[in-house]
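Structure, as structure tokens:
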Amino acid sequence: AKGSDGHAFVHDGVDGVGLELYRAVRQNGELYADWGAIITDLPNHKGFFDMQKNSNGDNERWGARATGLCAWGGVATKEEIASGMIPHAIAMALPYPSKKFVAPAIASDGFATMQTWMPLWMSWNPGIPEGQRFRLKASYAIPTTACQFVRVVLKAMQDYGFWIVDRTTDRIGLYCEDRKQFGEA
């Protein structure tokens, strides 16, 4: 993905293995990353990584997201959007989340205090914790005039909710599958 995090996820559908990367880059045909994790049993994975102890006995996070929540979790795929149904919760990133976090997140890259440069509409203090789950009310009327993508995403948020999984720089972000590597828009 473009942006400073450079998230990438590689899924081996035959063996059920997932590889998620943080700050992934391609150089001279090779793929490099600063950090990441291997998920050996993707179909049965719980969707987050436990805090690990490194060889020095210090805490160490795995995975591409600062929260420890798996990079593939909550991603809307092209097939789901085209079918008109996303059968799971949606992953969402917010600008200026709290430094605090709630389970299933194991960490946060949010802010400890309210920032003076925050937009007025985001004037909560200290912000929403990463790992927090929300849901649109069942009574919310999804606009029929909205495009299919918006209707499908709002319906998933109504039926399954959405998780705050990471921090963005200046706007709310949703995670969708990027098919450009397959020559698709």
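By convention in this document, the chains of the structure tokens carry letters A, B, ... by their order, each chain's residues are numbered from 1, and ligands are numbered from 1 in the order they are shown.
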Could you pull the residues within 8 Å of Ala64 in chain A, counting only C-alpha atoms, minus those fewer than 3 positions along the same chain, as a VMD selection string? chain A and resid 7 20 to 22 35 to 37 68 70 to 71
Range 18-178 of chain A: residues DSSP assigns to alpha helix (DSSP H), reported as a short mmCIF file (atom, residue, chain, number, x, y, z; two decimals) with N, CA and C atoms, in the first residue's frame:
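Written output follows (selection11.cif):
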data_model
loop_
_atom_site.label_atom_id
_atom_site.label_comp_id
_atom_site.auth_asym_id
_atom_site.auth_seq_id
_atom_site.Cartn_x
_atom_site.Cartn_y
_atom_site.Cartn_z
N LYS A 78 -12.53 -7.28 -3.28
CA LYS A 78 -13.22 -6.91 -4.51
C LYS A 78 -14.46 -7.79 -4.70
N GLU A 79 -14.32 -9.09 -4.44
CA GLU A 79 -15.45 -10.02 -4.62
C GLU A 79 -16.59 -9.70 -3.65
N GLU A 80 -16.25 -9.35 -2.41
CA GLU A 80 -17.29 -9.00 -1.44
C GLU A 80 -18.07 -7.77 -1.88
N ILE A 81 -17.36 -6.76 -2.30
CA ILE A 81 -18.02 -5.53 -2.73
C ILE A 81 -18.88 -5.79 -3.95
N ALA A 82 -18.35 -6.55 -4.92
CA ALA A 82 -19.10 -6.85 -6.14
C ALA A 82 -20.35 -7.69 -5.85
N SER A 83 -20.26 -8.57 -4.84
CA SER A 83 -21.40 -9.43 -4.50
C SER A 83 -22.49 -8.66 -3.76
N GLN A 148 -22.80 1.77 -4.72
CA GLN A 148 -22.82 0.40 -4.18
C GLN A 148 -21.75 0.21 -3.11
N PHE A 149 -20.54 0.71 -3.34
CA PHE A 149 -19.47 0.55 -2.37
C PHE A 149 -19.89 1.08 -1.00
N VAL A 150 -20.42 2.31 -0.96
CA VAL A 150 -20.83 2.92 0.30
C VAL A 150 -21.96 2.12 0.95
N ARG A 151 -22.95 1.72 0.17
CA ARG A 151 -24.06 0.93 0.72
C ARG A 151 -23.58 -0.39 1.32
N VAL A 152 -22.68 -1.08 0.61
CA VAL A 152 -22.18 -2.38 1.08
C VAL A 152 -21.36 -2.21 2.36
N VAL A 153 -20.50 -1.19 2.40
CA VAL A 153 -19.69 -0.95 3.59
C VAL A 153 -20.58 -0.57 4.78
N LEU A 154 -21.55 0.32 4.57
CA LEU A 154 -22.44 0.72 5.66
C LEU A 154 -23.26 -0.47 6.18
N LYS A 155 -23.69 -1.35 5.30
CA LYS A 155 -24.45 -2.54 5.72
C LYS A 155 -23.58 -3.46 6.57
N ALA A 156 -22.31 -3.64 6.18
CA ALA A 156 -21.39 -4.46 7.00
C ALA A 156 -21.17 -3.81 8.36
N MET A 157 -21.05 -2.47 8.39
CA MET A 157 -20.87 -1.77 9.65
C MET A 157 -22.11 -1.89 10.53
N GLN A 158 -23.27 -2.00 9.91
CA GLN A 158 -24.52 -2.18 10.63
C GLN A 158 -24.64 -3.62 11.16
N ASP A 159 -24.32 -4.60 10.33
CA ASP A 159 -24.48 -6.01 10.71
C ASP A 159 -23.36 -6.54 11.59
#
Could you name the residues that touch Ser108 in chain A at 6 Å or less, counting only C-alpha atoms, but leaving out those on the same chain fewer than 5 positions away, as a compact mmCIF listing (two decimals) with all heavy atoms, in the first residue's frame?
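The resulting file, part-v7.txt, is shown below:
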# COMPACT_ATOMS: atom_id res chain seq x y z
N ALA A 66 0.29 -1.39 14.15
CA ALA A 66 0.80 -1.02 15.48
C ALA A 66 -0.01 -1.66 16.60
O ALA A 66 0.49 -1.86 17.70
CB ALA A 66 0.80 0.50 15.63
N THR A 67 -1.24 -1.99 16.34
CA THR A 67 -2.13 -2.53 17.36
C THR A 67 -1.94 -4.02 17.62
O THR A 67 -2.47 -4.54 18.59
CB THR A 67 -3.60 -2.33 16.94
OG1 THR A 67 -3.78 -2.96 15.66
CG2 THR A 67 -3.97 -0.87 16.87
N LYS A 99 -3.69 7.00 22.84
CA LYS A 99 -2.54 6.13 23.10
C LYS A 99 -2.99 4.86 23.83
O LYS A 99 -2.34 3.84 23.79
CB LYS A 99 -1.48 6.88 23.92
CG LYS A 99 -0.22 6.12 24.16
CD LYS A 99 0.54 5.94 22.87
CE LYS A 99 1.89 5.28 23.10
NZ LYS A 99 2.51 4.88 21.85
N PHE A 101 -5.41 1.60 24.50
CA PHE A 101 -5.96 0.60 23.59
C PHE A 101 -6.83 -0.36 24.38
O PHE A 101 -6.72 -0.46 25.61
CB PHE A 101 -4.85 -0.15 22.84
CG PHE A 101 -3.88 -0.86 23.74
CD1 PHE A 101 -4.08 -2.19 24.09
CD2 PHE A 101 -2.77 -0.19 24.23
CE1 PHE A 101 -3.19 -2.83 24.93
CE2 PHE A 101 -1.88 -0.84 25.08
CZ PHE A 101 -2.09 -2.16 25.41
Point out the residue among A:Gly161, A:Val10, A:Val17, A:Pro95 with the least atom-to-atom distance to Leu31 in chain A, counting only C-alpha atoms. A:Val10
If you measure from CA of Ala107 in chain A to CA of Val75 in chain A, what distance in Å do you get, rounded to one decimal? 19.9 Å
Once DSSP has gone over the backbone, tell me which residues of range 8-177 of chain A are in strand (DSSP E), as a PyMOL selection string. chain A and resi 8-12+17-22+25-27+30-32+35-39+52-53+59-60+90-95+98-101+129-130+133-134+162-168+173-174
Would you please work out which residue, of A:Asp15, A:Glu130, A:Glu30, A:Asp41, is nearest to Leu69 in chain A when using only C-alpha atoms?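 Counting only C-alpha atoms, the residue closest to Leu69 in chain A is A:Glu130.
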Do a neighbour search on Trp163 in chain A at 12 Å with only C-alpha atoms, toss out local chain neighbours closer than 6 positions, and write the hits as a count of residues only. 33
When you look at Gln52 in chain A with a cut-off of 10 Å (counting only C-alpha atoms), what residues show up, excluding the ones that are within fewer than 4 positions of it in the same chain? I need them as a VMD selection string. chain A and resid 57 to 62
